[in-house]
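coords-v1.txt follows; it contains compact mmCIF, N, CA and C atoms.
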```
# COMPACT_ATOMS: atom_id res chain seq x y z
N MET A 27 -35.65 -18.92 -9.59
CA MET A 27 -34.52 -19.46 -10.32
C MET A 27 -34.67 -19.15 -11.80
N ARG A 28 -33.53 -19.01 -12.44
CA ARG A 28 -33.58 -18.82 -13.89
C ARG A 28 -32.59 -19.78 -14.54
N ARG A 29 -32.82 -20.02 -15.79
CA ARG A 29 -31.99 -20.99 -16.50
C ARG A 29 -31.05 -20.24 -17.46
N VAL A 30 -29.75 -20.49 -17.33
CA VAL A 30 -28.76 -19.86 -18.19
C VAL A 30 -27.89 -20.96 -18.79
N ARG A 31 -28.01 -21.13 -20.08
CA ARG A 31 -27.22 -22.11 -20.82
C ARG A 31 -27.20 -23.48 -20.15
N GLY A 32 -28.34 -23.94 -19.77
CA GLY A 32 -28.44 -25.28 -19.22
C GLY A 32 -28.17 -25.36 -17.73
N LEU A 33 -27.78 -24.26 -17.11
CA LEU A 33 -27.51 -24.27 -15.68
C LEU A 33 -28.61 -23.51 -14.97
N ARG A 34 -28.98 -23.99 -13.83
CA ARG A 34 -29.95 -23.26 -13.02
C ARG A 34 -29.21 -22.46 -11.97
N ILE A 35 -29.48 -21.19 -11.92
CA ILE A 35 -28.82 -20.29 -10.99
C ILE A 35 -29.87 -19.69 -10.08
N LYS A 36 -29.67 -19.84 -8.80
CA LYS A 36 -30.61 -19.27 -7.85
C LYS A 36 -30.18 -17.85 -7.54
N GLN A 37 -31.05 -16.89 -7.77
CA GLN A 37 -30.75 -15.49 -7.50
C GLN A 37 -31.21 -15.16 -6.10
N HIS A 38 -30.37 -14.42 -5.39
CA HIS A 38 -30.74 -13.97 -4.06
C HIS A 38 -30.10 -12.61 -3.80
N LYS A 39 -30.68 -11.91 -2.89
CA LYS A 39 -30.14 -10.61 -2.54
C LYS A 39 -29.06 -10.79 -1.49
N ALA A 40 -28.00 -10.02 -1.63
CA ALA A 40 -26.94 -10.06 -0.63
C ALA A 40 -27.44 -9.35 0.62
N CYS A 41 -27.43 -10.03 1.70
CA CYS A 41 -27.91 -9.42 2.94
C CYS A 41 -26.72 -9.30 3.90
N ALA A 42 -25.98 -8.24 3.77
CA ALA A 42 -24.82 -7.98 4.62
C ALA A 42 -25.23 -7.05 5.75
N ASP A 43 -24.66 -7.30 6.88
CA ASP A 43 -24.93 -6.49 8.06
C ASP A 43 -24.20 -5.15 7.91
N PRO A 44 -24.92 -4.02 7.97
CA PRO A 44 -24.26 -2.72 7.84
C PRO A 44 -23.22 -2.48 8.92
N GLY A 45 -23.44 -2.99 10.11
CA GLY A 45 -22.45 -2.85 11.18
C GLY A 45 -21.16 -3.58 10.87
N ALA A 46 -21.30 -4.76 10.27
CA ALA A 46 -20.11 -5.53 9.89
C ALA A 46 -19.33 -4.82 8.80
N LEU A 47 -20.06 -4.22 7.84
CA LEU A 47 -19.37 -3.48 6.78
C LEU A 47 -18.64 -2.27 7.34
N ALA A 48 -19.26 -1.59 8.29
CA ALA A 48 -18.62 -0.42 8.89
C ALA A 48 -17.37 -0.81 9.66
N SER A 49 -17.45 -1.90 10.41
CA SER A 49 -16.27 -2.32 11.18
C SER A 49 -15.16 -2.81 10.26
N ALA A 50 -15.53 -3.46 9.15
CA ALA A 50 -14.51 -3.88 8.18
C ALA A 50 -13.84 -2.67 7.54
N ALA A 51 -14.62 -1.64 7.25
CA ALA A 51 -14.06 -0.42 6.67
C ALA A 51 -13.10 0.26 7.64
N VAL A 52 -13.47 0.31 8.91
CA VAL A 52 -12.60 0.91 9.93
C VAL A 52 -11.32 0.11 10.06
N ARG A 53 -11.44 -1.22 10.06
CA ARG A 53 -10.26 -2.08 10.18
C ARG A 53 -9.32 -1.88 9.00
N GLN A 54 -9.87 -1.80 7.79
CA GLN A 54 -9.04 -1.60 6.60
C GLN A 54 -8.39 -0.22 6.60
N GLU A 55 -9.11 0.78 7.08
CA GLU A 55 -8.54 2.13 7.16
C GLU A 55 -7.37 2.16 8.13
N ARG A 56 -7.53 1.50 9.28
CA ARG A 56 -6.42 1.45 10.25
C ARG A 56 -5.22 0.71 9.68
N GLU A 57 -5.48 -0.37 8.96
CA GLU A 57 -4.39 -1.14 8.36
C GLU A 57 -3.65 -0.30 7.32
N LEU A 58 -4.39 0.43 6.50
CA LEU A 58 -3.78 1.29 5.49
C LEU A 58 -2.96 2.40 6.14
N ASP A 59 -3.51 3.01 7.20
CA ASP A 59 -2.78 4.05 7.91
C ASP A 59 -1.47 3.51 8.48
N SER A 60 -1.52 2.30 9.02
CA SER A 60 -0.33 1.68 9.59
C SER A 60 0.73 1.45 8.51
N ILE A 61 0.31 0.95 7.36
CA ILE A 61 1.25 0.69 6.27
C ILE A 61 1.85 2.00 5.77
N LEU A 62 1.03 3.03 5.61
CA LEU A 62 1.53 4.32 5.13
C LEU A 62 2.50 4.95 6.12
N GLN A 63 2.23 4.83 7.41
CA GLN A 63 3.15 5.37 8.41
C GLN A 63 4.49 4.64 8.36
N SER A 64 4.47 3.34 8.13
CA SER A 64 5.71 2.57 8.02
C SER A 64 6.52 3.01 6.81
N VAL A 65 5.84 3.18 5.68
CA VAL A 65 6.53 3.58 4.45
C VAL A 65 7.12 4.98 4.59
N VAL A 66 6.34 5.90 5.14
CA VAL A 66 6.83 7.27 5.32
C VAL A 66 7.96 7.30 6.34
N GLY A 67 7.88 6.46 7.36
CA GLY A 67 8.94 6.38 8.36
C GLY A 67 10.25 5.88 7.78
N LEU A 68 10.17 4.99 6.80
CA LEU A 68 11.39 4.48 6.17
C LEU A 68 11.93 5.42 5.10
N LEU A 69 11.09 6.28 4.60
CA LEU A 69 11.49 7.18 3.52
C LEU A 69 12.58 8.16 3.97
N GLY A 70 12.51 8.65 5.20
CA GLY A 70 13.51 9.60 5.71
C GLY A 70 14.92 9.03 5.73
N PRO A 71 15.13 7.89 6.39
CA PRO A 71 16.48 7.30 6.39
C PRO A 71 16.98 6.91 5.00
N VAL A 72 16.09 6.47 4.14
CA VAL A 72 16.51 6.12 2.77
C VAL A 72 16.99 7.36 2.03
N MET A 73 16.29 8.46 2.20
CA MET A 73 16.71 9.71 1.55
C MET A 73 18.05 10.18 2.08
N ILE A 74 18.30 10.03 3.37
CA ILE A 74 19.60 10.40 3.94
C ILE A 74 20.71 9.56 3.31
N LEU A 75 20.47 8.26 3.15
CA LEU A 75 21.48 7.40 2.54
C LEU A 75 21.72 7.77 1.07
N VAL A 76 20.67 8.07 0.35
CA VAL A 76 20.82 8.47 -1.05
C VAL A 76 21.61 9.76 -1.16
N MET A 77 21.28 10.74 -0.34
CA MET A 77 22.00 12.02 -0.38
C MET A 77 23.46 11.82 0.01
N GLY A 78 23.71 10.98 1.01
CA GLY A 78 25.08 10.69 1.41
C GLY A 78 25.86 10.04 0.28
N GLY A 79 25.21 9.13 -0.45
CA GLY A 79 25.86 8.49 -1.59
C GLY A 79 26.18 9.50 -2.69
N MET A 80 25.29 10.45 -2.91
CA MET A 80 25.55 11.48 -3.92
C MET A 80 26.72 12.36 -3.51
N VAL A 81 26.77 12.73 -2.25
CA VAL A 81 27.90 13.55 -1.77
C VAL A 81 29.20 12.76 -1.90
N LEU A 82 29.16 11.46 -1.57
CA LEU A 82 30.35 10.63 -1.70
C LEU A 82 30.83 10.58 -3.15
N LEU A 83 29.90 10.45 -4.09
CA LEU A 83 30.29 10.42 -5.50
C LEU A 83 30.91 11.74 -5.93
N ILE A 84 30.37 12.86 -5.47
CA ILE A 84 30.93 14.17 -5.80
C ILE A 84 32.33 14.32 -5.25
N VAL A 85 32.51 13.89 -3.99
CA VAL A 85 33.84 14.00 -3.36
C VAL A 85 34.84 13.11 -4.08
N LEU A 86 34.43 11.88 -4.42
CA LEU A 86 35.33 10.98 -5.13
C LEU A 86 35.69 11.52 -6.52
N ALA A 87 34.72 12.14 -7.18
CA ALA A 87 34.98 12.73 -8.50
C ALA A 87 35.97 13.88 -8.38
N MET A 88 35.84 14.69 -7.33
CA MET A 88 36.76 15.81 -7.14
C MET A 88 38.17 15.31 -6.80
N LEU A 89 38.26 14.27 -6.00
CA LEU A 89 39.57 13.74 -5.62
C LEU A 89 40.25 13.05 -6.79
N SER A 90 39.50 12.38 -7.65
CA SER A 90 40.11 11.67 -8.77
C SER A 90 40.53 12.61 -9.88
N SER A 91 39.92 13.78 -9.96
CA SER A 91 40.28 14.73 -11.02
C SER A 91 41.56 15.50 -10.71
N SER A 92 41.97 15.53 -9.45
CA SER A 92 43.17 16.29 -9.10
C SER A 92 44.42 15.51 -9.32
```
Could you write out this file's structure as structure tokens?
Amino acid sequence: MRRVRGLRIKQHKACADPGALASAAVRQERELDSILQSVVGLLGPVMILVMGGMVLLIVLAMLSSS
């Protein structure tokens, strides 16, 4: 133990199981992959809607100018 500003702090080494760390890393990687697949899956339809909106604006601009 050491004393820091009137407090006693017990120092110890972190003893984490390497197998647990590996399984946590795999779980987080799978979760990240799942989130990225969802985002990329939604990106396609959103882009179609944006492009459709742009075409609509162009058509409306052409119709209003005549």
Exercise. Between CA of Val72 in chain A and CA of Arg53 in chain A, what is the spacing in Å?
Worked result: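 These two atoms are separated by 29.0 Å.
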Exercise. How many Å separate CA of Val66 in chain A from CA of Leu47 in chain A?
Worked result: 28.4 Å
Centre and edge lengths of an axis-aligned box around all listed atoms of range 63-67 of chain A, with 6 Å added on each side, are to be given in Å to one decimal, as JSON.
```
{"center_x": 6.2, "center_y": 4.9, "center_z": 6.4, "size_x": 20.0, "size_y": 16.7, "size_z": 16.0}
```
